[in-house]
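Novice: One file is attached below, entry_36.cif, containing mmCIF, C-alpha atoms.
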data_run
loop_
_atom_site.label_atom_id
_atom_site.label_comp_id
_atom_site.auth_asym_id
_atom_site.auth_seq_id
_atom_site.Cartn_x
_atom_site.Cartn_y
_atom_site.Cartn_z
CA MET A 1 -17.92 -29.98 -5.98
CA THR A 2 -19.36 -26.84 -7.53
CA LYS A 3 -17.43 -23.77 -6.45
CA LYS A 4 -19.53 -20.70 -5.86
CA LYS A 5 -18.06 -17.23 -5.92
CA THR A 6 -18.07 -15.15 -2.76
CA SER A 7 -18.90 -11.47 -2.88
CA ALA A 8 -15.27 -10.39 -2.78
CA PRO A 9 -14.02 -7.88 -5.36
CA LYS A 10 -13.51 -9.54 -8.70
CA LYS A 11 -10.16 -8.14 -9.72
CA GLN A 12 -7.02 -9.56 -8.11
CA SER A 13 -4.14 -7.71 -9.65
CA GLY A 14 -0.55 -8.25 -8.58
CA PRO A 15 1.36 -5.72 -6.53
CA SER A 16 3.56 -4.63 -9.36
CA SER A 17 0.83 -4.26 -11.96
CA HIS A 18 0.16 -0.57 -11.23
CA ARG A 19 2.28 2.51 -11.17
CA HIS A 20 0.49 3.68 -8.01
CA THR A 21 2.86 4.10 -5.11
CA HIS A 22 1.09 2.86 -2.03
CA GLY A 23 0.34 6.19 -0.33
CA GLN A 24 -0.23 5.88 3.42
CA GLY A 25 -2.49 8.95 3.69
CA HIS A 26 -5.01 7.97 1.07
CA CYS A 27 -4.91 4.31 2.04
CA MET A 28 -5.46 5.17 5.71
CA ASP A 29 -8.51 7.27 4.80
CA LEU A 30 -9.82 4.26 2.99
CA LEU A 31 -9.10 1.95 5.94
CA ARG A 32 -11.37 4.08 8.12
CA GLN A 33 -14.29 3.77 5.71
CA LEU A 34 -14.06 0.16 4.65
CA SER A 35 -16.91 -1.20 6.79
CA ALA A 36 -19.22 1.59 5.65
CA TYR A 37 -18.20 0.79 2.06
CA ILE A 38 -18.86 -2.94 2.52
CA ASP A 39 -22.23 -2.16 4.15
CA ASP A 40 -23.12 0.18 1.28
CA GLU A 41 -23.61 3.12 3.62
CA LEU A 42 -21.48 5.70 1.79
CA PRO A 43 -22.68 8.36 -0.68
CA SER A 44 -22.19 7.41 -4.34
CA ASP A 45 -19.43 9.98 -4.98
CA ILE A 46 -17.31 8.56 -2.14
CA CYS A 47 -17.95 5.01 -3.40
CA ARG A 48 -16.74 6.09 -6.85
CA GLU A 49 -13.64 7.60 -5.31
CA ILE A 50 -12.96 4.40 -3.35
CA ARG A 51 -13.46 2.21 -6.43
CA GLY A 52 -11.02 4.44 -8.29
CA HIS A 53 -8.46 4.02 -5.51
CA LEU A 54 -8.95 0.26 -5.37
CA GLY A 55 -8.32 0.04 -9.11
CA ALA A 56 -4.98 1.77 -8.62
CA CYS A 57 -3.81 0.23 -5.33
CA ALA A 58 -3.40 -3.53 -5.28
CA ASN A 59 -2.68 -3.57 -1.53
CA CYS A 60 -5.96 -1.86 -0.65
CA GLU A 61 -7.79 -4.11 -3.09
CA VAL A 62 -6.48 -7.20 -1.32
CA PHE A 63 -7.12 -5.65 2.10
CA ILE A 64 -10.77 -4.94 1.35
CA ALA A 65 -11.19 -8.42 -0.12
CA SER A 66 -9.93 -9.98 3.12
CA LEU A 67 -12.20 -7.74 5.20
CA GLN A 68 -15.16 -8.67 3.01
CA HIS A 69 -14.25 -12.34 3.44
CA THR A 70 -14.12 -11.84 7.21
CA VAL A 71 -17.62 -10.34 7.25
CA THR A 72 -18.92 -13.12 5.00
CA LEU A 73 -17.46 -15.80 7.30
CA CYS A 74 -18.97 -14.13 10.37
CA ARG A 75 -22.38 -14.00 8.69
CA HIS A 76 -22.24 -17.71 7.93
CA ARG A 77 -20.64 -18.91 11.16
CA PRO A 78 -22.70 -21.91 12.25
CA ALA A 79 -24.56 -21.72 15.56
CA PRO A 80 -25.34 -24.73 17.78
CA GLN A 81 -28.90 -25.65 18.66
CA LEU A 82 -30.54 -26.63 21.92
CA THR A 83 -32.00 -30.08 22.39
CA SER A 84 -35.58 -30.38 23.61
CA VAL A 85 -34.21 -31.80 26.90
CA ASP A 86 -32.01 -28.70 27.35
CA ARG A 87 -34.99 -26.43 26.69
CA MET A 88 -37.11 -28.27 29.25
CA ASN A 89 -34.37 -28.38 31.92
CA MET A 90 -33.56 -24.70 31.54
CA ARG A 91 -37.23 -23.72 31.77
CA ARG A 92 -37.54 -25.69 34.99
CA ALA A 93 -34.36 -24.10 36.40
CA ILE A 94 -35.60 -20.60 35.53
CA LEU A 95 -38.96 -21.13 37.24
CA ASP A 96 -37.29 -22.71 40.29
CA ALA A 97 -34.93 -19.72 40.56
CA ALA A 98 -37.81 -17.26 40.15
CA ASN A 99 -39.76 -18.91 42.92
CA ALA A 100 -36.74 -19.05 45.20
CA ARG A 101 -36.21 -15.27 45.01
CA MET B 102 -44.65 -29.12 32.61
CA ARG B 103 -46.52 -26.79 34.98
CA ALA B 104 -44.87 -23.80 36.64
CA THR B 105 -44.65 -23.80 40.41
CA ALA B 106 -47.30 -21.49 41.93
CA PRO B 107 -46.03 -17.91 42.50
CA LYS B 108 -45.50 -16.98 46.15
CA THR B 109 -44.58 -13.30 46.43
CA PRO B 110 -46.79 -10.43 45.14
CA ALA B 111 -44.21 -9.75 42.40
CA GLN B 112 -44.26 -13.34 41.29
CA ARG B 113 -48.06 -13.42 41.32
CA SER B 114 -48.12 -10.25 39.23
CA ALA B 115 -45.55 -11.62 36.78
CA MET B 116 -47.62 -14.71 36.35
CA LYS B 117 -50.96 -12.91 35.98
CA GLU B 118 -51.26 -14.67 32.68
CA PRO B 119 -49.71 -18.06 33.34
CA ASP B 120 -49.13 -18.82 29.69
CA GLU B 121 -47.34 -15.57 28.98
CA PHE B 122 -43.92 -16.64 30.20
CA ASP B 123 -44.18 -20.03 28.56
CA ARG B 124 -45.09 -18.40 25.27
CA LEU B 125 -42.18 -15.96 25.59
CA TYR B 126 -39.79 -18.78 26.42
CA ARG B 127 -41.04 -21.12 23.71
CA ASP B 128 -40.86 -18.46 20.98
CA HIS B 129 -37.47 -16.97 21.88
CA VAL B 130 -35.31 -19.49 23.72
CA ASP B 131 -33.59 -20.71 20.56
CA LEU B 132 -32.88 -17.13 19.44
CA ILE B 133 -31.41 -16.16 22.81
CA TYR B 134 -29.39 -19.37 23.09
CA ARG B 135 -27.87 -18.78 19.65
CA TYR B 136 -26.98 -15.21 20.67
CA ALA B 137 -25.63 -16.37 24.05
CA HIS B 138 -23.49 -19.05 22.45
CA ARG B 139 -22.07 -16.61 19.93
CA LEU B 140 -21.21 -14.22 22.78
CA CYS B 141 -19.86 -16.79 25.25
CA GLY B 142 -18.25 -19.22 22.82
CA GLU B 143 -19.17 -22.30 24.81
CA THR B 144 -22.21 -24.25 25.86
CA GLU B 145 -22.35 -24.04 29.67
CA SER B 146 -21.82 -20.28 29.88
CA ALA B 147 -24.38 -19.84 27.11
CA LYS B 148 -26.95 -21.85 29.06
CA ASP B 149 -26.21 -19.81 32.21
CA LEU B 150 -26.76 -16.64 30.22
CA VAL B 151 -30.04 -17.91 28.75
CA GLN B 152 -31.31 -18.76 32.24
CA GLU B 153 -30.27 -15.40 33.64
CA THR B 154 -31.93 -13.65 30.69
CA PHE B 155 -35.26 -15.43 31.03
CA LEU B 156 -35.21 -15.12 34.80
CA ASN B 157 -34.87 -11.34 34.39
CA ALA B 158 -37.51 -11.39 31.67
CA TYR B 159 -39.86 -13.36 33.93
CA GLN B 160 -39.48 -10.76 36.63
CA GLY B 161 -39.77 -7.83 34.20
CA LEU B 162 -42.61 -9.19 32.11
CA LYS B 163 -45.24 -7.23 33.99
CA ASP B 164 -43.41 -3.97 33.18
CA PHE B 165 -42.82 -4.70 29.50
CA ARG B 166 -45.04 -2.31 27.58
CA GLY B 167 -44.27 -3.45 24.07
CA GLU B 168 -42.46 -0.25 23.09
CA ALA B 169 -39.66 -2.34 21.57
CA ARG B 170 -39.95 -5.68 19.82
CA VAL B 171 -39.91 -8.58 22.24
CA SER B 172 -36.71 -9.89 20.64
CA THR B 173 -35.01 -6.50 21.07
CA TRP B 174 -36.06 -6.45 24.72
CA LEU B 175 -34.65 -9.95 25.27
CA TYR B 176 -31.42 -9.14 23.41
CA THR B 177 -31.04 -6.11 25.69
CA ILE B 178 -31.58 -8.15 28.85
CA ALA B 179 -29.14 -10.81 27.61
CA SER B 180 -26.49 -8.24 26.69
CA ARG B 181 -26.66 -6.56 30.11
CA ALA B 182 -26.60 -9.91 31.88
CA CYS B 183 -23.58 -10.96 29.84
CA LEU B 184 -21.65 -7.83 30.80
CA ARG B 185 -22.57 -8.34 34.48
CA MET B 186 -21.53 -12.00 34.42
CA ARG B 187 -18.25 -11.17 32.72
CA ARG B 188 -17.43 -8.41 35.20
CA LYS B 189 -18.04 -10.84 38.06
CA ARG B 190 -15.69 -13.39 36.49
CA LYS B 191 -12.86 -11.16 35.30
CA GLY B 192 -13.20 -7.89 37.18
CA GLU B 193 -10.80 -6.04 34.90
CA PRO B 194 -11.39 -3.18 32.43
CA GLU B 195 -11.53 -4.18 28.80
CA HIS B 196 -8.89 -3.35 26.24
CA LYS B 197 -9.94 -0.53 23.88
CA LEU B 198 -9.22 -1.10 20.21
CA SER B 199 -7.82 1.88 18.30
CA LEU B 200 -7.87 2.11 14.52
CA GLU B 201 -4.15 2.78 14.51
CA GLU B 202 -3.35 -0.73 15.69
CA PHE B 203 -4.90 -2.10 12.51
CA VAL B 204 -2.83 0.05 10.19
CA PRO B 205 -0.59 -2.35 8.30
CA THR B 206 3.04 -1.44 8.79
CA SER B 207 4.35 -3.44 5.87
CA GLU B 208 3.15 -4.33 2.42
CA GLY B 209 2.98 -7.95 3.53
CA GLU B 210 0.45 -7.11 6.23
CA PHE B 211 -1.78 -5.35 3.72
CA ARG B 212 -1.63 -8.40 1.55
CA LEU B 213 -2.46 -11.03 4.18
CA GLN B 214 -5.24 -13.10 2.74
CA ILE B 215 -7.97 -15.39 3.97
CA PRO B 216 -8.28 -18.53 1.86
CA ILE B 217 -11.90 -18.56 0.72
CA ASP B 218 -11.55 -17.46 -2.89
CA GLY B 219 -13.71 -19.59 -5.15
CA LEU B 220 -15.55 -21.23 -2.24
CA SER B 221 -18.96 -20.53 -0.80
CA PRO B 222 -18.78 -19.42 2.87
CA GLU B 223 -20.29 -22.76 3.91
CA GLU B 224 -17.58 -24.63 2.00
CA ALA B 225 -14.86 -22.40 3.41
CA LEU B 226 -16.09 -23.02 6.95
CA GLN B 227 -15.75 -26.76 6.45
CA ASN B 228 -12.03 -26.09 6.86
CA LYS B 229 -11.66 -26.97 10.55
CA GLU B 230 -8.65 -24.70 11.05
CA LEU B 231 -10.45 -21.75 9.54
CA ARG B 232 -13.53 -22.37 11.69
CA GLN B 233 -11.42 -22.66 14.85
CA ALA B 234 -9.45 -19.56 13.93
CA LEU B 235 -12.71 -17.64 13.46
CA ASP B 236 -14.05 -18.85 16.82
CA GLN B 237 -10.79 -17.94 18.57
CA ALA B 238 -10.62 -14.52 16.93
CA ILE B 239 -14.16 -13.73 18.07
CA GLU B 240 -13.39 -15.10 21.55
CA LYS B 241 -10.34 -12.81 21.80
CA LEU B 242 -12.36 -9.70 20.98
CA PRO B 243 -13.06 -7.43 23.95
CA GLN B 244 -16.69 -7.96 24.95
CA LYS B 245 -18.18 -4.67 23.79
CA TYR B 246 -16.70 -5.14 20.31
CA ARG B 247 -17.73 -8.78 20.17
CA MET B 248 -21.29 -7.81 21.08
CA ALA B 249 -21.48 -5.29 18.23
CA LEU B 250 -20.07 -7.84 15.76
CA VAL B 251 -22.37 -10.64 16.91
CA LEU B 252 -25.51 -8.50 16.88
CA ARG B 253 -24.80 -6.88 13.52
CA ASP B 254 -22.98 -9.50 11.45
CA MET B 255 -24.27 -12.73 12.97
CA GLU B 256 -27.73 -11.90 14.30
CA GLY B 257 -28.29 -9.60 11.32
CA LEU B 258 -29.71 -6.64 13.24
CA SER B 259 -29.57 -3.06 11.95
CA ALA B 260 -27.11 -0.58 13.44
CA LYS B 261 -30.10 1.24 14.94
CA GLU B 262 -31.36 -1.91 16.70
CA VAL B 263 -27.85 -2.70 17.94
CA GLY B 264 -27.69 0.86 19.30
CA ILE B 265 -30.93 0.38 21.23
CA ILE B 266 -29.67 -2.90 22.69
CA MET B 267 -26.21 -1.61 23.62
CA GLY B 268 -27.31 1.89 24.65
CA LEU B 269 -25.19 3.55 21.96
CA ASN B 270 -25.82 5.86 19.05
CA GLU B 271 -25.50 4.44 15.53
CA ARG B 272 -22.15 6.09 14.96
CA ALA B 273 -20.66 4.40 18.01
CA VAL B 274 -22.11 1.05 16.93
CA LYS B 275 -20.51 1.40 13.48
CA SER B 276 -17.20 2.40 14.99
CA ARG B 277 -17.14 -0.66 17.28
CA LEU B 278 -18.26 -2.91 14.46
CA HIS B 279 -15.50 -1.65 12.16
CA ARG B 280 -12.80 -2.21 14.77
CA ALA B 281 -14.19 -5.66 15.56
CA ARG B 282 -14.10 -6.66 11.89
CA LEU B 283 -10.56 -5.35 11.48
CA PHE B 284 -9.50 -7.29 14.58
CA VAL B 285 -10.99 -10.55 13.32
CA ARG B 286 -9.53 -10.00 9.84
CA ARG B 287 -6.08 -9.51 11.30
CA GLU B 288 -6.36 -12.60 13.51
CA LEU B 289 -7.59 -14.77 10.65
CA SER B 290 -5.05 -13.49 8.18
CA ALA B 291 -2.16 -13.80 10.59
CA ARG B 292 -2.91 -17.48 11.09
CA GLY B 293 -1.95 -18.20 7.47
CA ILE B 294 -4.56 -20.89 7.01
CA ALA B 295 -4.06 -22.97 3.91
CA HIS B 296 -6.76 -24.02 1.47
CA ASP B 297 -8.05 -27.52 2.14
CA ASP B 298 -7.28 -28.13 -1.52
CA ASP B 299 -3.61 -27.56 -0.70
CA HIS B 300 -3.53 -29.21 2.72
CA LYS B 301 -6.23 -31.75 3.40
CA SER B 302 -5.71 -31.34 7.14
CA GLY B 303 -6.26 -27.59 6.86
CA GLY B 304 -3.11 -27.12 8.93
CA LEU B 305 -1.43 -23.82 9.69
CA ARG B 306 1.64 -22.76 7.85
CA SER B 307 4.76 -22.72 9.95
#
Could I get this structure in the form of C-alpha coordinates?
Specialist:
Amino acid sequence: MTKKKTSAPKKQSGPSSHRHTHGQGHCMDLLRQLSAYIDDELPSDICREIRGHLGACANCEVFIASLQHTVTLCRHRPAPQLTSVDRMNMRRAILDAANAR
Amino acid sequence: MRATAPKTPAQRSAMKEPDEFDRLYRDHVDLIYRYAHRLCGETESAKDLVQETFLNAYQGLKDFRGEARVSTWLYTIASRACLRMRRKRKGEPEHKLSLEEFVPTSEGEFRLQIPIDGLSPEEALQNKELRQALDQAIEKLPQKYRMALVLRDMEGLSAKEVGIIMGLNERAVKSRLHRARLFVRRELSARGIAHDDDHKSGGLRS
(Lines of atoms letter the chains of each structure in order from A and count residues from 1; the text may use other names and numbers.)
(Lines give C-alpha, C1' and ligand atoms only; values in the text may rest on other atoms or scores of the structure.)
Protein backbone atom coordinates (compact mmCIF):
# COMPACT_ATOMS: atom_id res chain seq x y z
CA MET A 1 0.00 0.00 0.00
CA THR A 2 1.32 3.44 -0.88
CA LYS A 3 1.89 5.53 2.22
CA LYS A 4 1.04 9.18 1.86
CA LYS A 5 2.46 11.80 4.16
CA THR A 6 0.13 13.75 6.42
CA SER A 7 0.60 17.47 6.92
CA ALA A 8 2.39 17.05 10.23
CA PRO A 9 5.70 18.84 10.78
CA LYS A 10 8.49 17.09 8.97
CA LYS A 11 11.19 17.07 11.61
CA GLN A 12 10.94 14.55 14.46
CA SER A 13 13.96 15.12 16.61
CA GLY A 14 14.57 13.24 19.83
CA PRO A 15 14.16 14.84 23.23
CA SER A 16 17.84 14.97 23.94
CA SER A 17 18.93 16.35 20.58
CA HIS A 18 18.73 20.01 21.64
CA ARG A 19 20.27 22.03 24.39
CA HIS A 20 16.95 23.83 24.92
CA THR A 21 15.60 23.32 28.41
CA HIS A 22 11.87 22.90 28.11
CA GLY A 23 10.73 26.27 29.47
CA GLN A 24 7.16 26.25 30.78
CA GLY A 25 6.51 29.96 30.13
CA HIS A 26 7.44 30.01 26.47
CA CYS A 27 5.91 26.60 25.82
CA MET A 28 2.64 27.65 27.49
CA ASP A 29 2.46 30.77 25.30
CA LEU A 30 2.83 28.48 22.34
CA LEU A 31 0.13 26.10 23.63
CA ARG A 32 -2.36 28.97 23.60
CA GLN A 33 -1.67 29.79 19.96
CA LEU A 34 -1.37 26.36 18.42
CA SER A 35 -4.80 26.24 16.75
CA ALA A 36 -4.30 29.70 15.26
CA TYR A 37 -0.89 28.53 14.02
CA ILE A 38 -2.35 25.36 12.48
CA ASP A 39 -5.13 27.40 10.85
CA ASP A 40 -2.58 29.88 9.48
CA GLU A 41 -4.24 32.80 11.24
CA LEU A 42 -1.16 34.33 12.90
CA PRO A 43 0.97 37.22 11.59
CA SER A 44 4.17 36.12 9.84
CA ASP A 45 6.50 37.41 12.58
CA ILE A 46 4.73 35.31 15.22
CA CYS A 47 4.81 32.27 12.90
CA ARG A 48 8.57 32.76 12.51
CA GLU A 49 8.95 32.96 16.27
CA ILE A 50 6.92 29.76 16.72
CA ARG A 51 8.92 27.92 14.05
CA GLY A 52 12.10 29.00 15.82
CA HIS A 53 10.77 27.65 19.11
CA LEU A 54 9.67 24.38 17.54
CA GLY A 55 13.15 23.90 16.11
CA ALA A 56 14.60 24.20 19.60
CA CYS A 57 11.97 22.35 21.66
CA ALA A 58 11.35 18.73 20.77
CA ASN A 59 8.42 18.45 23.20
CA CYS A 60 6.51 21.30 21.58
CA GLU A 61 7.33 19.92 18.16
CA VAL A 62 5.77 16.58 19.06
CA PHE A 63 2.83 18.29 20.77
CA ILE A 64 1.97 20.36 17.71
CA ALA A 65 2.34 17.30 15.48
CA SER A 66 -0.20 15.40 17.58
CA LEU A 67 -2.60 18.38 17.55
CA GLN A 68 -2.23 18.65 13.78
CA HIS A 69 -2.93 14.92 13.50
CA THR A 70 -6.04 15.37 15.65
CA VAL A 71 -7.37 18.10 13.37
CA THR A 72 -6.56 16.02 10.28
CA LEU A 73 -8.44 13.01 11.70
CA CYS A 74 -11.45 15.17 12.58
CA ARG A 75 -11.52 16.60 9.06
CA HIS A 76 -11.54 13.12 7.56
CA ARG A 77 -13.86 11.43 10.05
CA PRO A 78 -16.35 9.46 7.95
CA ALA A 79 -20.03 10.40 8.17
CA PRO A 80 -22.92 7.95 7.66
CA GLN A 81 -25.48 8.50 4.94
CA LEU A 82 -29.26 8.27 4.92
CA THR A 83 -31.02 5.66 2.84
CA SER A 84 -33.78 6.79 0.49
CA VAL A 85 -36.29 4.98 2.75
CA ASP A 86 -35.05 6.98 5.76
CA ARG A 87 -35.38 10.23 3.80
CA MET A 88 -38.94 9.38 2.77
CA ASN A 89 -40.03 8.24 6.26
CA MET A 90 -38.59 11.31 7.94
CA ARG A 91 -40.27 13.64 5.45
CA ARG A 92 -43.59 11.98 6.15
CA ALA A 93 -43.04 12.22 9.93
CA ILE A 94 -42.15 15.93 9.66
CA LEU A 95 -45.27 16.75 7.65
CA ASP A 96 -47.47 14.68 9.99
CA ALA A 97 -46.03 16.52 13.00
CA ALA A 98 -46.48 19.90 11.31
CA ASN A 99 -50.11 19.17 10.58
CA ALA A 100 -50.74 17.88 14.09
CA ARG A 101 -49.57 21.16 15.68
CA MET B 1 -45.46 11.57 -1.87
CA ARG B 2 -47.90 14.46 -1.41
CA ALA B 3 -47.98 16.59 1.73
CA THR B 4 -51.15 16.54 3.79
CA ALA B 5 -53.21 19.71 3.19
CA PRO B 6 -52.41 22.52 5.69
CA LYS B 7 -55.14 23.21 8.24
CA THR B 8 -54.22 26.24 10.34
CA PRO B 9 -53.53 29.73 8.88
CA ALA B 10 -49.84 29.33 9.81
CA GLN B 11 -49.63 26.03 8.02
CA ARG B 12 -51.40 27.44 4.96
CA SER B 13 -48.98 30.36 4.93
CA ALA B 14 -45.96 28.08 5.31
CA MET B 15 -47.16 26.03 2.41
CA LYS B 16 -48.00 28.98 0.15
CA GLU B 17 -45.62 27.45 -2.32
CA PRO B 18 -46.18 23.72 -1.88
CA ASP B 19 -42.90 22.76 -3.49
CA GLU B 20 -40.81 25.06 -1.32
CA PHE B 21 -40.52 22.75 1.66
CA ASP B 22 -39.91 19.71 -0.49
CA ARG B 23 -37.14 21.54 -2.32
CA LEU B 24 -35.60 22.66 0.98
CA TYR B 25 -35.80 19.14 2.37
CA ARG B 26 -34.49 17.44 -0.76
CA ASP B 27 -31.50 19.79 -1.09
CA HIS B 28 -30.44 19.86 2.57
CA VAL B 29 -31.56 16.72 4.38
CA ASP B 30 -28.28 14.89 3.78
CA LEU B 31 -26.26 17.90 4.97
CA ILE B 32 -28.31 18.26 8.15
CA TYR B 33 -28.28 14.52 8.84
CA ARG B 34 -24.49 14.44 8.54
CA TYR B 35 -24.25 17.39 10.95
CA ALA B 36 -26.80 15.83 13.33
CA HIS B 37 -24.97 12.51 13.35
CA ARG B 38 -21.65 14.18 14.05
CA LEU B 39 -23.25 16.07 16.95
CA CYS B 40 -25.29 13.21 18.41
CA GLY B 41 -22.94 10.32 17.67
CA GLU B 42 -25.71 7.86 16.91
CA THR B 43 -28.40 7.26 14.34
CA GLU B 44 -31.72 7.54 16.20
CA SER B 45 -30.90 10.80 17.98
CA ALA B 46 -29.58 12.18 14.70
CA LYS B 47 -32.85 11.34 12.95
CA ASP B 48 -34.83 12.96 15.79
CA LEU B 49 -32.71 16.08 15.41
CA VAL B 50 -33.20 16.17 11.63
CA GLN B 51 -36.97 15.92 12.07
CA GLU B 52 -37.03 18.62 14.71
CA THR B 53 -34.88 20.85 12.50
CA PHE B 54 -37.05 20.50 9.41
CA LEU B 55 -40.23 20.81 11.44
CA ASN B 56 -38.97 24.16 12.76
CA ALA B 57 -37.82 25.11 9.27
CA TYR B 58 -41.24 24.23 7.86
CA GLN B 59 -42.89 26.50 10.38
CA GLY B 60 -40.32 29.29 9.91
CA LEU B 61 -40.08 29.13 6.14
CA LYS B 62 -42.52 31.98 5.63
CA ASP B 63 -40.32 34.26 7.77
CA PHE B 64 -37.01 33.31 6.17
CA ARG B 65 -35.87 36.37 4.22
CA GLY B 66 -32.72 34.98 2.72
CA GLU B 67 -30.39 37.22 4.74
CA ALA B 68 -28.22 34.19 5.53
CA ARG B 69 -27.50 31.21 3.31
CA VAL B 70 -30.17 28.53 3.59
CA SER B 71 -27.59 26.07 4.91
CA THR B 72 -26.50 28.54 7.62
CA TRP B 73 -30.14 29.03 8.61
CA LEU B 74 -30.68 25.27 8.85
CA TYR B 75 -27.42 24.73 10.78
CA THR B 76 -28.62 27.40 13.23
CA ILE B 77 -32.01 25.76 13.69
CA ALA B 78 -30.36 22.35 14.14
CA SER B 79 -27.84 23.68 16.67
CA ARG B 80 -30.54 25.32 18.79
CA ALA B 81 -32.73 22.23 18.60
CA CYS B 82 -29.79 20.07 19.65
CA LEU B 83 -29.11 22.21 22.71
CA ARG B 84 -32.82 22.14 23.65
CA MET B 85 -33.04 18.36 23.23
CA ARG B 86 -29.90 17.83 25.29
CA ARG B 87 -31.12 20.09 28.10
CA LYS B 88 -34.37 18.10 28.23
CA ARG B 89 -32.45 14.83 28.48
CA LYS B 90 -29.67 15.77 30.89
CA GLY B 91 -30.79 18.93 32.65
CA GLU B 92 -27.36 19.69 34.04
CA PRO B 93 -24.91 22.52 33.29
CA GLU B 94 -22.02 21.62 31.04
CA HIS B 95 -18.43 21.34 32.15
CA LYS B 96 -16.30 24.31 31.07
CA LEU B 97 -12.90 23.48 29.63
CA SER B 98 -10.02 25.66 30.79
CA LEU B 99 -6.71 25.85 28.94
CA GLU B 100 -4.87 25.02 32.14
CA GLU B 101 -6.23 21.50 32.19
CA PHE B 102 -4.46 20.80 28.92
CA VAL B 103 -1.07 21.95 30.13
CA PRO B 104 1.10 18.85 30.18
CA THR B 105 2.52 18.29 33.63
CA SER B 106 5.24 15.90 32.56
CA GLU B 107 7.51 15.52 29.58
CA GLY B 108 5.73 12.26 28.80
CA GLU B 109 2.41 14.05 28.40
CA PHE B 110 3.93 16.51 25.94
CA ARG B 111 5.26 13.62 23.97
CA LEU B 112 2.07 11.55 23.74
CA GLN B 113 1.63 10.70 20.11
CA ILE B 114 -1.14 9.67 17.78
CA PRO B 115 -0.09 6.87 15.43
CA ILE B 116 -0.76 8.24 11.95
CA ASP B 117 2.75 9.09 10.80
CA GLY B 118 3.31 7.94 7.24
CA LEU B 119 -0.39 7.18 6.68
CA SER B 120 -3.06 9.16 4.89
CA PRO B 121 -5.93 10.15 7.23
CA GLU B 122 -8.20 7.67 5.44
CA GLU B 123 -5.68 4.87 6.03
CA ALA B 124 -5.21 5.88 9.65
CA LEU B 125 -8.97 5.82 10.23
CA GLN B 126 -9.13 2.24 9.00
CA ASN B 127 -7.66 1.42 12.41
CA LYS B 128 -10.86 0.50 14.26
CA GLU B 129 -9.47 1.43 17.67
CA LEU B 130 -8.38 4.83 16.45
CA ARG B 131 -11.77 5.48 14.86
CA GLN B 132 -13.61 4.42 18.02
CA ALA B 133 -11.29 6.50 20.18
CA LEU B 134 -11.98 9.53 17.97
CA ASP B 135 -15.75 8.97 18.16
CA GLN B 136 -15.60 8.56 21.95
CA ALA B 137 -13.41 11.62 22.41
CA ILE B 138 -15.85 13.74 20.41
CA GLU B 139 -18.80 12.21 22.30
CA LYS B 140 -17.16 13.14 25.62
CA LEU B 141 -16.74 16.78 24.64
CA PRO B 142 -19.18 19.17 26.31
CA GLN B 143 -21.80 20.11 23.73
CA LYS B 144 -20.81 23.71 23.05
CA TYR B 145 -17.22 22.67 22.35
CA ARG B 146 -18.30 19.71 20.24
CA MET B 147 -20.51 22.00 18.17
CA ALA B 148 -17.62 24.37 17.43
CA LEU B 149 -15.36 21.45 16.48
CA VAL B 150 -17.96 19.77 14.28
CA LEU B 151 -18.94 22.96 12.46
CA ARG B 152 -15.37 24.14 11.90
CA ASP B 153 -13.28 21.00 11.45
CA MET B 154 -15.84 18.55 10.10
CA GLU B 155 -18.41 20.67 8.27
CA GLY B 156 -15.61 22.97 7.10
CA LEU B 157 -17.33 26.28 7.90
CA SER B 158 -15.42 29.50 8.57
CA ALA B 159 -15.09 30.84 12.11
CA LYS B 160 -17.39 33.70 11.06
CA GLU B 161 -20.12 31.31 9.88
CA VAL B 162 -19.76 29.23 13.05
CA GLY B 163 -20.15 32.45 15.05
CA ILE B 164 -23.40 33.29 13.25
CA ILE B 165 -24.75 29.79 13.90
CA MET B 166 -23.72 29.65 17.56
CA GLY B 167 -24.40 33.31 18.36
CA LEU B 168 -20.77 33.99 19.26
CA ASN B 169 -18.07 36.34 18.08
CA GLU B 170 -15.16 34.87 16.11
CA ARG B 171 -12.80 35.07 19.05
CA ALA B 172 -15.11 32.97 21.21
CA VAL B 173 -15.50 30.44 18.39
CA LYS B 174 -11.72 30.10 18.06
CA SER B 175 -11.31 29.75 21.80
CA ARG B 176 -13.89 26.94 21.97
CA LEU B 177 -12.41 25.26 18.92
CA HIS B 178 -8.91 25.33 20.40
CA ARG B 179 -10.05 23.79 23.68
CA ALA B 180 -12.06 21.16 21.81
CA ARG B 181 -9.04 20.17 19.72
CA LEU B 182 -6.81 20.00 22.79
CA PHE B 183 -9.40 17.82 24.54
CA VAL B 184 -9.65 15.39 21.63
CA ARG B 185 -5.85 15.30 21.25
CA ARG B 186 -5.45 14.42 24.90
CA GLU B 187 -8.12 11.71 24.75
CA LEU B 188 -6.63 10.15 21.62
CA SER B 189 -3.07 10.33 22.85
CA ALA B 190 -3.90 8.94 26.26
CA ARG B 191 -5.43 5.84 24.68
CA GLY B 192 -1.99 4.78 23.41
CA ILE B 193 -3.33 3.30 20.19
CA ALA B 194 -0.83 1.16 18.35
CA HIS B 195 -0.16 1.22 14.63
CA ASP B 196 -2.04 -1.49 12.76
CA ASP B 197 1.36 -2.39 11.36
CA ASP B 198 2.44 -3.28 14.89
CA HIS B 199 -0.82 -4.80 16.11
CA LYS B 200 -3.15 -6.08 13.45
CA SER B 201 -6.08 -5.88 15.86
CA GLY B 202 -5.33 -2.21 16.53
CA GLY B 203 -5.59 -2.98 20.24
CA LEU B 204 -4.81 -0.59 23.06
CA ARG B 205 -1.60 -0.83 24.95
CA SER B 206 -2.00 -1.98 28.51
Novice: I need the output of the PyMOL selection byres ((chain A) within 9 of (chain B)) for this file as a ChimeraX atom specification; which residues are they?
Specialist: /A:2-6,8,22,28,31-36,58-63,65-82,86-88,90-99,101
Novice: Figure out the distance between CA of Thr83 (chain A) and CA of Ala158 (chain B), please, to one decimal in Å.
Specialist: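 That distance, rounded to one decimal, is 21.6 Å.
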Novice: How far is it from CA of Leu184 (chain B) to CA of Lys245 (chain B), in Å with one decimal?
Specialist: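 A separation of 8.4 Å between them.
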Novice: Please, what distance in Å, to one decimal, runs between CA of Ser199 (chain B) and CA of Lys241 (chain B)?
Specialist: 15.3 Å
